[in-house]
Amino acid sequence: MAIDVVLGLQWGDEGKGKIVDFLAPNYDIVARFQGGPNAGHTLIFDNKKFVLHTVPSGIFRAHQLNLIGNGVVLDPITLSKELDKLKTANVDFLDRLFVSKKTHLILPTHRYLDAASENAKKKKKIGSTLKGIGPTYMDKTGRNGIRVGDLDTPDFKERYTFLKEKHLQLLKSYPEIDFDLETEERAWFESLEELKKLTFVDGAYFINEALRNGKKILAEGAQGSMLDIDFGTYPYVTSSNTTAAGVCIGLGVAPSQIGEVIGITKAYCTRVGSGPFPSELFDDTGEFLRKEGAEFGATTGRPRRCGWLDLPQLNYSIMLSGVTQLVITKLDVLNKLDTIEVVDSYEIKGEKTKQFPFSLDATEVKVNTISFPGWRSDIAGISDEKDLPENAVRFISEIEQATGVRVSIVSTGPDRKELISRTPAVSRTP
């Protein structure tokens, strides 16, 4: 049995949570493999809205097992708040939510460092969510980090104090900022008690044993491919590998275990925070997409920058992860447009190209677009492809031809039921 993957193909916010929630009944386990509370996966059902930052999106499906993998960085305070909301919603999770012992912990001073570092950058800010993600991954690679499994060691407090003091020394090199460390520390240690109520496992053995026993597993990514630390729009990226390769490191599985790679793209593009964005629209159309698509960050609340769908960028992400199925979300946001543009190629130094450049940050890129007629009708809630307007079907078909990948799911609204399933979106290989 292979492990299937759901990941974002743009700059995040593609709708991964909804798609994972939709696919979850076909699987036994949903596992988050990277990222941290900088991710916000939004799910809407039964007229209720839920935003998950750390907990895998399969948690709302009864009997579904969920794993927070070792590639994730975990803030106990954020997780505790999430668990409280699950309790309020009467979601039973204690026997279904597992945490890898090798998952690294975000300390209060990690968030302190993140905020101080971003503040010091002034106009060169990278757009950090200030959740402590970068400093935590830095301690992980610097071999100073504290992991979930360390909570059970007798010298945990000493290790915590050592790392905290290291951070305080580093903070002396930054301009002072307001950060109530004493209050944050108190909340952090209180939240550890909630974390300890969950079951800690050796994630690699947990996942591989499940595979050997024929269990079906769905790996859930955070952020988007263009925020990958190696292949994204560096340095305006996150601190982990957001492509399919991150599954192997973030869960402890061999590359040969990867099955279907289900990549998600919006029908247009968005980006939160700083960084290059070739197809960004600064006109009324960009504002229309923002308002019509309710494009405000699930984690930060920041307004998202909006632009046309970018095929060179999309094909780059598809190539990196070996995407086998495409999901198009927010097709309904385009309902009222007479004409829809799609970026077909770039022009760099007078040369036309469909390849993504080495550094968008240092390269002046002009985009070339192609136009599609809009459908000027409401497709919200349509669940059968035959009910889609002809121009909407054509738009989907053109994306398939341009990418060479079958579109298996189309989202026509925010609710979990507002989906068109065009082909089975799960692996059929035993």
# chains A, B, ... in the order shown; residues from 1 in each chain; ligands from 1
>>> select_by_dssp(residues="segment 212-387 of chain A", states="strand (DSSP E or B)", output="PyMOL selection string")
chain A and resi 217-220+258-266+268-271+280+296+303+305-310+325-329+339-348+351-353+366-373
>>> residues_around(residues="Phe98 of chain A", least_positions_apart="5", cutoff="9 Å", atoms="only C-alpha atoms", output="list in words")
Leu65, Asn66, Leu67, Ile68, Gly69, Leu198, Thr199, Phe200, Val201 and Gly203 of chain A
>>> residues_around(residues="Leu43 of chain A", least_positions_apart="5", cutoff="10 Å", atoms="only C-alpha atoms", output="list of chain:residue names")
A:Gly15, A:Lys16, A:Gly17, A:Lys18, A:Ile19, A:Val20, A:Asp21, A:Phe22, A:Lys48, A:Lys49, A:Phe50, A:Val51, A:Leu52, A:Ser57, A:Phe60, A:Pro414, A:Asp415, A:Arg416
>>> closest_residue(among="A:Ser408, A:Asn208, A:Asn47, A:Thr353", to="Gly263 of chain A", atoms="only C-alpha atoms")
A:Ser408
>>> residues_around(residues="Ser359 of chain A", least_positions_apart="5", cutoff="10 Å", atoms="only C-alpha atoms", output="ChimeraX atom specification")
/A:232-235,276,364
>>> write_last_selection(atoms="C-alpha atoms", output="PDB file, in the first residue's frame")
ATOM      1  CA  GLY A 232      10.477  28.375  -3.744  1.00  0.00           C
ATOM      2  CA  THR A 233      10.884  32.122  -4.299  1.00  0.00           C
ATOM      3  CA  TYR A 234      13.883  32.337  -1.986  1.00  0.00           C
ATOM      4  CA  PRO A 235      14.419  34.102   0.405  1.00  0.00           C
ATOM      5  CA  PRO A 276       7.881  38.315  -5.892  1.00  0.00           C
ATOM      6  CA  GLU A 364      12.548  41.587 -13.971  1.00  0.00           C
TER       7      GLU A 364
END
>>> residues_around(residues="Ile249 of chain A", least_positions_apart="5", cutoff="12 Å", atoms="only C-alpha atoms", output="VMD selection string")
chain A and resid 32 to 34 69 to 72 102 to 103 203 to 204 219 240 to 244 254 to 255
>>> residues_around(residues="Asp387 of chain A", least_positions_apart="6", cutoff="12 Å", atoms="only C-alpha atoms", output="ChimeraX atom specification")
/A:377-381,393,412,420
>>> write_last_selection(atoms="N, CA and C atoms", output="PDB file, in the first residue's frame")
ATOM      1  N   SER A 377     -22.159  33.150 -14.861  1.00  0.00           N
ATOM      2  CA  SER A 377     -23.273  32.478 -14.195  1.00  0.00           C
ATOM      3  C   SER A 377     -22.768  31.879 -12.893  1.00  0.00           C
ATOM      4  N   ASP A 378     -23.683  31.641 -11.971  1.00  0.00           N
ATOM      5  CA  ASP A 378     -23.320  31.172 -10.639  1.00  0.00           C
ATOM      6  C   ASP A 378     -23.148  29.655 -10.644  1.00  0.00           C
ATOM      7  N   ILE A 379     -21.936  29.195 -10.357  1.00  0.00           N
ATOM      8  CA  ILE A 379     -21.689  27.749 -10.318  1.00  0.00           C
ATOM      9  C   ILE A 379     -21.566  27.250  -8.884  1.00  0.00           C
ATOM     10  N   ALA A 380     -21.789  28.132  -7.913  1.00  0.00           N
ATOM     11  CA  ALA A 380     -21.640  27.752  -6.504  1.00  0.00           C
ATOM     12  C   ALA A 380     -22.531  26.559  -6.176  1.00  0.00           C
ATOM     13  N   GLY A 381     -21.930  25.555  -5.565  1.00  0.00           N
ATOM     14  CA  GLY A 381     -22.684  24.395  -5.115  1.00  0.00           C
ATOM     15  C   GLY A 381     -22.892  23.317  -6.162  1.00  0.00           C
ATOM     16  N   VAL A 393     -16.111  24.525 -18.320  1.00  0.00           N
ATOM     17  CA  VAL A 393     -15.551  23.231 -18.716  1.00  0.00           C
ATOM     18  C   VAL A 393     -14.340  23.441 -19.622  1.00  0.00           C
ATOM     19  N   THR A 412     -16.400  24.205  -6.117  1.00  0.00           N
ATOM     20  CA  THR A 412     -17.323  25.228  -6.597  1.00  0.00           C
ATOM     21  C   THR A 412     -17.890  26.078  -5.467  1.00  0.00           C
ATOM     22  N   ILE A 420     -16.904  18.930  -7.275  1.00  0.00           N
ATOM     23  CA  ILE A 420     -17.166  18.032  -8.395  1.00  0.00           C
ATOM     24  C   ILE A 420     -16.025  17.036  -8.455  1.00  0.00           C
TER      25      ILE A 420
END
>>> atom_distance(atom1="atom CA of Trp308 of chain A", atom2="atom CA of Cys269 of chain A")
5.5 Å
>>> residues_around(residues="Phe395 of chain A", least_positions_apart="3", cutoff="12 Å", atoms="only C-alpha atoms", output="PDB file with C-alpha atoms, in the first residue's frame")
ATOM      1  CA  ALA A 267      -8.290  29.072 -10.462  1.00  0.00           C
ATOM      2  CA  TYR A 268      -6.190  32.202  -9.926  1.00  0.00           C
ATOM      3  CA  LEU A 309      -3.298  31.763 -12.720  1.00  0.00           C
ATOM      4  CA  ILE A 328      -8.830  23.307  -8.950  1.00  0.00           C
ATOM      5  CA  LEU A 331     -13.506  28.251  -9.604  1.00  0.00           C
ATOM      6  CA  LEU A 334     -14.484  33.805 -11.356  1.00  0.00           C
ATOM      7  CA  THR A 339     -12.824  37.593 -19.470  1.00  0.00           C
ATOM      8  CA  ILE A 340     -10.347  35.458 -17.560  1.00  0.00           C
ATOM      9  CA  GLU A 341      -6.616  35.798 -18.090  1.00  0.00           C
ATOM     10  CA  VAL A 342      -4.003  33.088 -17.574  1.00  0.00           C
ATOM     11  CA  ILE A 370      -3.908  34.313 -22.871  1.00  0.00           C
ATOM     12  CA  SER A 371      -7.629  35.100 -22.529  1.00  0.00           C
ATOM     13  CA  PHE A 372     -10.632  32.870 -21.909  1.00  0.00           C
ATOM     14  CA  PRO A 373     -14.288  33.895 -22.057  1.00  0.00           C
ATOM     15  CA  GLY A 374     -15.984  33.928 -18.671  1.00  0.00           C
ATOM     16  CA  TRP A 375     -19.224  32.068 -17.968  1.00  0.00           C
ATOM     17  CA  LEU A 388     -21.135  23.463 -15.411  1.00  0.00           C
ATOM     18  CA  PRO A 389     -21.310  26.200 -18.058  1.00  0.00           C
ATOM     19  CA  GLU A 390     -19.513  25.347 -21.300  1.00  0.00           C
ATOM     20  CA  ASN A 391     -16.863  28.028 -20.787  1.00  0.00           C
ATOM     21  CA  ALA A 392     -16.058  26.718 -17.297  1.00  0.00           C
ATOM     22  CA  GLU A 398      -7.270  24.075 -21.148  1.00  0.00           C
ATOM     23  CA  ILE A 399      -5.503  23.735 -17.794  1.00  0.00           C
ATOM     24  CA  GLU A 400      -5.312  19.975 -18.298  1.00  0.00           C
ATOM     25  CA  GLN A 401      -3.796  20.425 -21.746  1.00  0.00           C
ATOM     26  CA  ALA A 402      -1.296  23.017 -20.536  1.00  0.00           C
ATOM     27  CA  VAL A 407      -8.093  17.538 -13.096  1.00  0.00           C
ATOM     28  CA  VAL A 410     -13.112  20.981  -8.897  1.00  0.00           C
TER      29      VAL A 410
END
>>> closest_residue(among="A:Ser256, A:Gln313, A:Thr403, A:Ser279", to="Leu326 of chain A", atoms="only C-alpha atoms")
A:Thr403
>>> closest_residue(among="A:Lys352, A:Arg406, A:His110, A:Arg159", to="Val327 of chain A", atoms="only C-alpha atoms")
A:Arg406
>>> closest_residue(among="A:Asn26, A:Thr238, A:Thr369, A:Thr183", to="Gly58 of chain A", atoms="only C-alpha atoms")
A:Asn26
